[in-house]
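S.K.: Contents of run.cif (mmCIF, C-alpha atoms):
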```
data_final
loop_
_atom_site.label_atom_id
_atom_site.label_comp_id
_atom_site.auth_asym_id
_atom_site.auth_seq_id
_atom_site.Cartn_x
_atom_site.Cartn_y
_atom_site.Cartn_z
CA MET E 125 83.02 123.97 112.12
CA LEU E 126 84.03 124.15 115.77
CA PRO E 127 80.64 123.47 117.38
CA TYR E 128 80.57 120.25 115.37
CA LEU E 129 84.01 119.30 116.56
CA THR E 130 83.20 119.94 120.20
CA HIS E 131 79.78 119.72 121.84
CA GLN E 132 77.56 119.11 118.81
CA TYR E 133 78.85 115.66 118.17
CA GLY E 134 75.68 114.12 116.75
CA ASN E 135 75.78 111.65 113.92
CA PRO E 136 73.78 113.24 111.10
CA HIS E 137 72.20 109.89 110.31
CA SER E 138 70.69 109.50 113.79
CA ARG E 139 67.04 110.23 113.33
CA THR E 140 65.85 109.92 116.92
CA HIS E 141 67.42 112.75 118.87
CA ALA E 142 68.29 116.44 118.75
CA TYR E 143 72.02 115.87 118.36
CA GLY E 144 71.39 114.02 115.15
CA TRP E 145 68.83 116.51 113.87
CA ASP E 146 71.15 119.44 114.56
CA SER E 147 73.96 117.72 112.78
CA GLU E 148 71.80 116.97 109.79
CA LYS E 149 70.40 120.49 109.71
CA ALA E 150 73.88 121.97 109.71
CA MET E 151 74.70 120.02 106.59
CA GLU E 152 71.64 121.23 104.72
CA LYS E 153 73.41 124.39 103.63
CA LEU E 154 75.48 122.27 101.31
CA ASP E 155 73.00 119.97 99.59
CA ARG E 156 73.84 118.29 97.40
CA SER E 157 74.25 102.75 77.53
CA LYS E 158 75.72 101.81 76.09
CA LYS E 159 78.18 104.85 75.79
CA ARG E 160 81.85 104.01 76.21
CA HIS E 161 83.73 107.13 75.13
CA VAL E 162 85.08 109.96 77.27
CA ILE E 163 86.76 113.13 76.12
CA THR E 164 89.23 114.85 78.39
CA THR E 165 92.41 116.90 77.98
CA GLN E 166 96.11 116.16 78.21
CA THR E 167 96.51 118.72 80.97
CA GLU E 168 93.88 117.28 83.31
CA HIS E 169 94.68 116.63 86.93
CA LYS E 170 96.47 113.37 87.54
CA CYS E 171 93.48 111.89 89.36
CA VAL E 172 91.27 112.36 86.30
CA LEU E 173 93.91 110.96 83.95
CA ASP E 174 94.38 108.01 86.25
CA SER E 175 90.65 107.30 86.29
CA CYS E 176 90.59 107.52 82.52
CA ARG E 177 93.42 105.02 82.30
CA ALA E 178 91.45 102.69 84.56
CA LEU E 179 88.44 103.07 82.29
CA GLU E 180 90.64 102.24 79.31
CA ASN E 181 91.54 98.98 81.00
CA GLU E 182 87.83 98.25 81.23
CA GLY E 183 87.42 98.72 77.51
CA TRP E 184 86.48 102.40 77.36
CA ASP E 185 87.79 104.67 74.67
CA ILE E 186 89.36 107.91 75.84
CA THR E 187 90.26 110.92 73.74
CA TYR E 188 92.91 113.09 75.37
CA LEU E 189 92.54 116.43 73.63
CA PRO E 190 95.81 118.22 73.01
CA VAL E 191 96.22 121.82 74.10
CA GLN E 192 97.67 124.76 72.25
CA SER E 193 100.83 126.48 73.44
CA THR E 194 98.59 128.76 75.48
CA GLY E 195 97.32 125.76 77.42
CA LEU E 196 93.80 126.17 76.05
CA ILE E 197 91.95 123.47 74.16
CA SER E 198 90.54 124.12 70.73
CA LEU E 199 86.74 124.14 70.62
CA GLU E 200 86.88 122.93 67.03
CA GLU E 201 88.94 119.92 68.03
CA LEU E 202 86.55 119.20 70.87
CA GLU E 203 83.56 119.33 68.54
CA ALA E 204 85.30 117.04 66.08
CA ALA E 205 86.08 114.58 68.85
CA ILE E 206 82.48 114.16 69.97
CA ARG E 207 81.17 110.80 68.75
CA PRO E 208 77.75 109.14 68.91
CA ASP E 209 79.03 107.02 71.78
CA THR E 210 80.56 109.87 73.81
CA ALA E 211 79.26 109.61 77.34
CA LEU E 212 81.09 112.48 79.00
CA VAL E 213 83.32 115.46 78.36
CA SER E 214 85.53 116.22 81.32
CA VAL E 215 87.60 119.40 81.31
CA MET E 216 89.12 121.06 84.34
CA MET E 217 88.23 124.70 84.68
CA VAL E 218 91.52 126.00 86.06
CA ASN E 219 94.78 124.16 85.62
CA ASN E 220 96.60 123.62 88.89
CA GLU E 221 100.10 123.98 87.42
CA ILE E 222 99.89 126.88 85.01
CA GLY E 223 96.63 128.50 86.08
CA VAL E 224 95.07 128.50 82.63
CA VAL E 225 91.27 128.84 82.57
CA GLN E 226 89.47 126.78 79.93
CA PRO E 227 86.44 128.28 78.17
CA VAL E 228 83.96 126.25 80.19
CA LYS E 229 80.97 128.37 79.18
CA GLU E 230 81.60 127.64 75.52
CA ILE E 231 82.38 124.00 76.21
CA GLY E 232 79.17 123.70 78.20
CA ALA E 233 77.17 125.31 75.42
CA LEU E 234 78.73 122.97 72.89
CA CYS E 235 77.95 119.94 75.04
CA ARG E 236 74.41 121.07 75.64
CA SER E 237 73.85 121.59 71.91
CA ARG E 238 75.14 118.07 71.27
CA LYS E 239 73.29 116.67 74.29
CA ARG E 240 76.45 115.42 76.01
CA TYR E 241 77.26 115.52 79.70
CA PHE E 242 79.97 117.92 80.65
CA SER E 243 81.82 117.67 83.90
CA THR E 244 84.30 120.19 85.19
CA GLN E 245 86.11 120.63 88.46
CA MET E 246 86.33 123.99 90.04
CA LEU E 247 88.45 124.06 93.11
CA LEU E 248 89.39 127.65 92.49
CA LYS E 249 86.34 129.20 90.91
CA LEU E 250 82.88 128.65 92.27
CA TRP E 251 79.94 128.63 89.95
CA TRP E 252 76.46 127.46 90.88
CA SER E 253 74.59 125.26 88.48
CA GLN E 254 71.66 122.86 88.49
CA ASP E 255 73.47 119.79 89.73
CA LEU E 256 76.24 120.21 92.21
CA TRP E 257 78.19 117.24 93.50
CA ALA E 258 80.68 117.90 96.25
CA GLN E 259 83.76 115.73 96.61
CA GLY E 260 85.70 116.97 99.57
CA HIS E 261 87.61 120.02 98.46
CA TRP E 262 86.75 119.51 94.82
CA LEU E 263 83.42 120.54 93.37
CA SER E 264 82.38 118.71 90.24
CA ILE E 265 79.51 120.04 88.20
CA CYS E 266 77.40 118.14 85.76
CA ALA E 267 75.86 120.85 83.64
CA ARG E 268 72.60 119.07 83.00
CA ALA E 269 69.58 118.12 85.08
CA ARG E 270 68.71 114.53 85.89
CA VAL E 271 72.12 112.96 85.61
CA ARG E 272 71.99 109.26 86.38
CA VAL E 273 75.11 108.50 88.38
CA GLU E 274 76.12 105.08 89.56
CA ALA E 275 77.41 104.56 93.08
CA LEU E 276 81.09 103.67 93.19
CA MET E 277 80.90 101.70 96.39
CA SER E 278 78.32 99.86 98.44
CA GLY E 279 77.54 100.21 102.11
CA GLY E 280 75.16 102.07 104.37
CA GLY E 281 73.44 103.94 101.55
CA GLN E 282 74.22 107.49 102.70
CA GLU E 283 74.00 110.42 100.31
CA ARG E 284 70.96 108.86 98.58
CA GLY E 285 72.93 105.68 97.96
CA MET E 286 75.54 107.52 95.92
CA ARG E 287 78.35 107.52 98.40
CA SER E 288 78.16 105.20 101.34
CA GLY E 289 80.03 106.11 104.48
CA THR E 290 78.96 108.37 107.34
CA VAL E 291 79.08 111.92 106.11
CA PRO E 292 81.57 113.98 108.17
CA THR E 293 79.47 116.86 109.54
CA PRO E 294 82.29 119.27 110.47
CA LEU E 295 83.88 118.93 107.05
CA VAL E 296 80.58 119.44 105.25
CA VAL E 297 79.77 122.48 107.37
CA GLY E 298 83.23 123.84 106.58
CA LEU E 299 82.78 123.29 102.87
CA GLY E 300 79.41 125.01 102.86
CA GLU E 301 80.74 127.97 104.78
CA ALA E 302 83.77 128.17 102.49
CA CYS E 303 81.50 128.31 99.47
CA GLU E 304 79.51 131.14 101.00
CA ILE E 305 82.60 133.10 101.87
CA ALA E 306 84.07 132.52 98.43
CA LYS E 307 80.92 133.85 96.83
CA LYS E 308 80.92 136.98 98.97
CA GLU E 309 84.61 137.72 98.77
CA MET E 310 85.27 136.65 95.17
CA GLU E 311 85.62 140.13 93.70
CA TYR E 312 87.65 141.58 96.54
CA ASP E 313 90.03 138.62 96.65
CA SER E 314 90.36 138.51 92.86
CA GLN E 315 91.46 142.13 92.78
CA HIS E 316 94.01 141.56 95.50
CA ILE E 317 95.43 138.45 93.86
CA ARG E 318 95.58 140.04 90.43
CA LYS E 319 97.46 143.03 91.83
CA LEU E 320 100.02 140.85 93.58
CA SER E 321 100.37 138.62 90.54
CA ASP E 322 101.16 141.60 88.32
CA ILE E 323 103.75 142.89 90.80
CA LEU E 324 105.42 139.48 90.95
CA VAL E 325 105.54 138.86 87.21
CA HIS E 326 106.65 142.40 86.41
CA SER E 327 109.32 142.51 89.10
CA ILE E 328 110.89 139.28 88.00
CA THR E 329 110.63 139.67 84.23
CA SER E 330 112.01 143.21 84.36
CA ARG E 331 115.06 142.04 86.28
CA VAL E 332 115.82 138.65 84.84
CA PRO E 333 116.21 137.90 81.14
CA ASN E 334 115.02 134.73 79.45
CA VAL E 335 111.96 134.22 81.60
CA ILE E 336 109.00 132.53 79.97
CA ARG E 337 105.50 132.52 81.35
CA ASN E 338 103.84 129.18 80.81
CA GLY E 339 100.22 129.30 79.78
CA ASP E 340 97.96 131.97 78.38
CA THR E 341 98.37 135.33 80.08
CA GLU E 342 94.77 136.37 79.54
CA HIS E 343 92.70 133.27 80.22
CA THR E 344 94.38 132.39 83.43
CA TYR E 345 93.94 132.42 87.17
CA PRO E 346 96.38 135.14 88.30
CA GLY E 347 97.05 133.34 91.57
CA CYS E 348 98.86 130.55 89.78
CA VAL E 349 101.94 131.83 87.96
CA ASN E 350 104.26 129.39 86.24
CA LEU E 351 107.59 130.74 85.02
CA SER E 352 110.46 129.01 83.27
CA PHE E 353 113.98 130.34 83.77
CA ALA E 354 116.17 129.48 80.82
CA PHE E 355 119.67 128.20 81.59
CA VAL E 356 118.91 127.63 85.26
CA GLU E 357 118.21 124.32 86.89
CA GLY E 358 114.78 124.41 88.54
CA GLU E 359 115.37 122.26 91.59
CA SER E 360 118.52 124.20 92.53
CA LEU E 361 116.61 127.44 92.19
CA LEU E 362 113.86 126.09 94.43
CA MET E 363 116.34 124.91 97.03
CA ALA E 364 118.12 128.24 96.86
CA LEU E 365 114.86 130.08 97.47
CA LYS E 366 114.41 128.06 100.62
CA ASP E 367 112.76 130.88 102.55
CA VAL E 368 109.81 130.92 100.20
CA ALA E 369 107.32 128.10 99.75
CA LEU E 370 107.30 127.46 96.01
CA SER E 371 107.06 124.45 93.80
CA SER E 372 107.94 123.19 90.40
CA GLY E 373 104.97 121.39 88.93
CA SER E 374 102.28 120.66 91.51
CA ALA E 375 102.18 118.79 94.79
CA CYS E 376 100.61 115.79 93.13
CA THR E 377 103.54 115.23 90.79
CA SER E 378 106.30 116.25 93.17
CA ALA E 379 107.05 112.63 93.96
CA SER E 380 108.27 111.91 90.45
CA LEU E 381 111.41 113.34 88.87
CA GLU E 382 109.96 113.73 85.41
CA PRO E 383 109.18 117.19 84.18
CA SER E 384 105.55 118.18 84.24
CA TYR E 385 103.28 116.54 81.65
CA VAL E 386 101.28 119.75 81.59
CA LEU E 387 104.31 121.71 80.41
CA ARG E 388 105.08 119.00 77.92
CA ALA E 389 101.51 119.24 76.58
CA ILE E 390 101.85 122.97 75.92
CA GLY E 391 105.03 122.31 74.00
CA THR E 392 107.65 123.44 76.52
CA GLU E 393 111.10 122.08 75.74
CA GLU E 394 112.46 119.60 78.23
CA ASP E 395 115.18 121.77 79.76
CA LEU E 396 112.77 124.67 80.17
CA ALA E 397 110.25 122.33 81.74
CA HIS E 398 112.90 121.30 84.27
CA SER E 399 113.54 124.94 85.18
CA SER E 400 109.97 125.98 85.80
CA ILE E 401 108.65 127.31 89.07
CA ARG E 402 105.06 127.72 90.16
CA PHE E 403 104.21 130.71 92.36
CA GLY E 404 100.95 130.48 94.28
CA ILE E 405 99.18 133.63 95.45
CA GLY E 406 96.05 133.64 97.59
CA ARG E 407 93.86 135.94 99.64
CA PHE E 408 96.23 135.69 102.60
CA THR E 409 99.36 136.48 100.59
CA THR E 410 100.73 139.91 101.36
CA GLU E 411 102.36 142.42 99.04
CA LYS E 412 105.40 142.34 101.32
CA GLU E 413 105.77 138.61 100.74
CA VAL E 414 105.54 139.04 96.99
CA GLN E 415 108.09 141.86 97.11
CA TYR E 416 110.39 139.72 99.26
CA THR E 417 110.23 136.94 96.71
CA ALA E 418 110.74 139.26 93.76
CA ASP E 419 113.54 141.20 95.44
CA ASN E 420 115.44 138.08 96.36
CA PRO E 421 119.12 138.50 95.53
CA LEU E 422 119.04 135.13 93.84
CA TRP E 423 117.52 136.62 90.75
CA GLU E 424 120.63 138.69 90.24
CA MET E 425 122.70 135.56 90.58
CA VAL E 426 120.52 133.84 88.03
CA GLN E 427 121.07 136.76 85.73
CA GLU E 428 124.81 136.62 86.14
CA GLY E 429 124.74 132.94 85.39
CA ILE E 430 126.14 131.86 88.74
CA ASP E 431 125.74 128.15 89.22
CA LEU E 432 123.44 127.91 92.24
CA LYS E 433 124.70 124.43 93.08
CA SER E 434 128.13 125.88 93.81
CA ILE E 435 126.88 128.21 96.55
CA GLN E 436 127.91 127.39 100.10
CA TRP E 437 124.92 127.98 102.32
CA SER E 438 125.45 128.93 105.96
CA GLN E 439 122.99 128.49 108.78
CA HIS E 440 121.00 131.50 109.93
CA MET P 132 69.14 145.21 116.66
CA ALA P 133 69.16 148.97 117.04
CA GLY P 134 72.32 151.01 117.04
CA GLY P 135 74.72 151.38 114.18
CA GLY P 136 75.25 155.07 114.76
CA ARG P 137 78.52 156.79 113.99
CA ARG P 138 79.91 156.20 117.45
CA GLU P 139 79.26 152.49 117.32
CA ILE P 140 80.76 152.23 113.86
CA LEU P 141 83.93 153.97 114.97
CA SER P 142 84.09 151.82 118.06
CA LEU P 143 83.61 148.67 115.97
CA TYR P 144 86.35 149.78 113.62
CA LYS P 145 88.84 150.33 116.43
CA SER P 146 87.89 147.08 118.14
CA LEU P 147 88.22 145.11 114.92
CA LEU P 148 91.70 146.50 114.29
CA ARG P 149 92.75 145.97 117.89
CA GLU P 150 91.54 142.36 117.93
CA SER P 151 93.06 141.64 114.51
CA MET P 152 96.46 142.74 115.79
CA LYS P 153 96.33 139.85 118.24
CA PHE P 154 96.46 137.13 115.58
CA PRO P 155 99.71 135.24 116.13
CA ALA P 156 99.81 134.06 112.51
CA TYR P 157 101.30 136.70 110.21
CA ASN P 158 99.08 135.98 107.22
CA TYR P 159 95.81 135.99 109.13
CA ARG P 160 96.81 139.13 111.00
CA GLU P 161 97.73 141.02 107.85
CA TYR P 162 94.65 139.81 105.99
CA ALA P 163 92.31 140.80 108.82
CA LEU P 164 93.79 144.28 109.14
CA ARG P 165 93.63 144.85 105.38
CA ARG P 166 90.11 143.47 105.06
CA VAL P 167 88.78 145.54 107.96
CA ARG P 168 90.29 148.75 106.61
CA ASP P 169 89.07 148.13 103.07
CA GLY P 170 85.67 147.04 104.30
CA PHE P 171 85.08 150.21 106.29
CA LYS P 172 86.49 152.35 103.50
CA ALA P 173 84.08 150.79 101.02
CA GLY P 174 81.16 151.14 103.41
CA LYS P 175 81.82 154.76 104.21
CA ASN P 176 79.36 156.11 101.66
CA ILE P 177 76.43 153.76 102.17
CA THR P 178 73.29 155.84 102.39
CA ASN P 179 70.68 153.08 102.37
CA GLU P 180 69.84 152.59 106.04
CA ALA P 181 68.93 148.91 105.76
CA GLU P 182 72.17 148.13 103.96
CA LYS P 183 74.13 150.08 106.56
CA GLN P 184 72.53 148.09 109.37
CA ARG P 185 73.37 144.85 107.60
CA GLU P 186 77.00 145.85 107.27
CA VAL P 187 77.17 146.93 110.92
CA GLN P 188 75.72 143.59 111.98
CA ALA P 189 78.24 141.79 109.80
CA ALA P 190 81.00 143.80 111.46
CA ARG P 191 79.76 142.80 114.92
CA GLU P 192 79.77 139.15 113.88
CA SER P 193 83.21 139.48 112.37
CA LEU P 194 84.49 140.93 115.64
CA ASP P 195 83.17 137.91 117.56
CA MET P 196 84.67 135.58 115.00
CA ILE P 197 88.07 137.27 115.12
CA ARG P 198 88.09 137.07 118.91
CA ARG P 199 87.44 133.31 118.73
CA GLN P 200 90.00 132.74 116.01
CA VAL P 201 92.65 134.66 117.95
CA VAL P 202 92.10 132.34 120.92
CA ILE P 203 92.41 129.32 118.66
CA GLY P 204 95.51 130.78 117.06
CA HIS P 205 97.15 131.03 120.45
CA LEU P 206 96.47 127.39 121.27
CA TYR P 207 99.24 126.28 118.93
CA SER P 208 101.15 129.38 117.89
CA PRO P 209 103.11 129.13 114.67
CA PRO P 210 106.75 130.24 114.64
CA ASN P 211 107.62 133.56 113.02
CA LEU P 212 108.00 133.67 109.27
CA VAL P 213 111.19 134.94 107.70
CA ILE P 214 109.31 138.03 106.62
CA GLU P 215 108.54 138.96 110.21
CA LYS P 216 112.18 139.28 111.27
#
```
Could you quickly redo this structure as structure tokens?
M.R.:
Amino acid sequence: MLPYLTHQYGNPHSRTHAYGWDSEKAMEKLDRSKKRHVITTQTEHKCVLDSCRALENEGWDITYLPVQSTGLISLEELEAAIRPDTALVSVMMVNNEIGVVQPVKEIGALCRSRKRYFSTQMLLKLWWSQDLWAQGHWLSICARARVRVEALMSGGGQERGMRSGTVPTPLVVGLGEACEIAKKEMEYDSQHIRKLSDILVHSITSRVPNVIRNGDTEHTYPGCVNLSFAFVEGESLLMALKDVALSSGSACTSASLEPSYVLRAIGTEEDLAHSSIRFGIGRFTTEKEVQYTADNPLWEMVQEGIDLKSIQWSQH
Amino acid sequence: MAGGGRREILSLYKSLLRESMKFPAYNYREYALRRVRDGFKAGKNITNEAEKQREVQAARESLDMIRRQVVIGHLYSPPNLVIEK
């Protein structure tokens, strides 16, 4: 990205000079009814749910598929929900709070057999298909050729009229490069993350009783571990583990005080939902960091039932 | 580009580790060291000459990239993490 943030400052839409051509060339690596019914899930990302709500206000009909206690949708329920006027099925591939991976291959096959458009977002897992639409750090795939998409806003007509606004070359270059790296390093990174994830889950569950893992343990992204600690208040636990960057729920819902709707959708009881913590593991996470988190003396305190709010913290 | 003999590979390996140690950010430093070690371990038994040359070239490019990233890392150095104490 750096050349495009320093000396290669050309606007990719400038057709008349080398700066513009170079900028445009750099971006090439990443190239890129009346139906009124949409099917999505109850555990979708807030931005999708919000868009669906907006559509509802415009008269659209939305089916929010429930999920099982594993966090997975039922393919039978999805099939039953498809109607003659279904325009789109939108299911996220990996849930950002509990890490559960939906059976997108089967969903895609089902949609193709019923001739319905299927859209999924894969921030975490990259999968190349016929049509690839990039939206910043999200990649949305429409698993069917020749999708007619309407532009959401008007303006200079960039991106074939689909998304007006000067395309940011450095960001696009970065995204393209990130995709390439992800493809190359997928297996190596997956192994590393899975190993660390197993260490974390095993270390904690072997030491602390009454720990529940939210979401299916098999169909899941190991880098996103969501655990509920019975009889412990989640926010206090998070504050007490102040040396480690953790979260309860996801960044997008951290503003609100309500327990996660994702946990509610998988049937987690309210007090357990309040005491859930999400551990994120990535390619740069080290085993030492995972061990540090798992060896934290707080777990013993949790086990002994010490009220974390009563602890006097000193500066260090 | 010619080369890629045993001496160059060893030299690349040492250089990559040495440069990776210079990352001021703990996570990048640890990742780079791990990735370099695992990468060379995995490539140890490559017999196909063309593949070997590709990997050697990739290692040379990685070395350049790490050098650049180390410089960038020093522009605004992050404070030490609790795990580094």
S.K.: For the interface of chain P with chain E (cut-off 8 Å, counting all atoms listed in the file), please tabulate each contacting residue of chain P alongside its nearest pair of atoms and their separation in Å to one decimal, rows sorted by chain and increasing number, as a Markdown table.
M.R.:
```
| residue | atom | partner | partner_atom | distance |
| --- | --- | --- | --- | --- |
| P:Asn158 | CA | E:Phe408 | CA | 5.4 |
| P:Tyr159 | CA | E:Phe408 | CA | 6.6 |
| P:Glu161 | CA | E:Thr410 | CA | 7.2 |
| P:Tyr162 | CA | E:Phe408 | CA | 5.6 |
| P:Val213 | CA | E:Asp367 | CA | 6.7 |
| P:Ile214 | CA | E:Glu413 | CA | 6.9 |
```
S.K.: Please determine, counting all atoms listed in the file, which residue among E:Cys348, E:Val291, E:Ile222, E:Val426 has the shortest atom-to-atom distance to Thr167 of chain E.
M.R.: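 Of E:Cys348, E:Val291, E:Ile222, E:Val426, the one nearest Thr167 of chain E is E:Ile222, counting all atoms listed in the file.
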S.K.: Kindly list the centre and edge lengths in Å, rounded to one decimal, for the axis-aligned box that covers all listed atoms of segment 158-166 of chain P plus 6 Å on each of its six sides, as lines of an AutoDock Vina configuration file.
M.R.:
```
center_x = 94.6
center_y = 140.4
center_z = 108.0
size_x = 21.0
size_y = 20.9
size_z = 17.9
```
S.K.: In Å, how far is it from atom CA of Ala205 of chain E to atom CA of Thr392 of chain E?
M.R.: 24.5 Å
S.K.: Using the chain letters and numbers from this file, what does the PyMOL selection byres ((chain E and resi 199) around 12) select? Give the answer as a VMD selection string.
M.R.: chain E and resid 165 189 to 192 196 to 198 200 to 206 215 226 to 235
S.K.: Could you state which residues are captured by the PyMOL selection byres ((chain E and resi 134-138) around 10) in this file, as number ranges by chain?
M.R.: E: 128-129, 131-133, 139-151, 282, 290-293
S.K.: Evaluated on this file, the PyMOL selection byres ((chain P and resi 200-212) around 10) picks out some residues - which ones are they, written as a ChimeraX atom specification?
M.R.: /E:367-368 /P:150-160,194-199,213-216
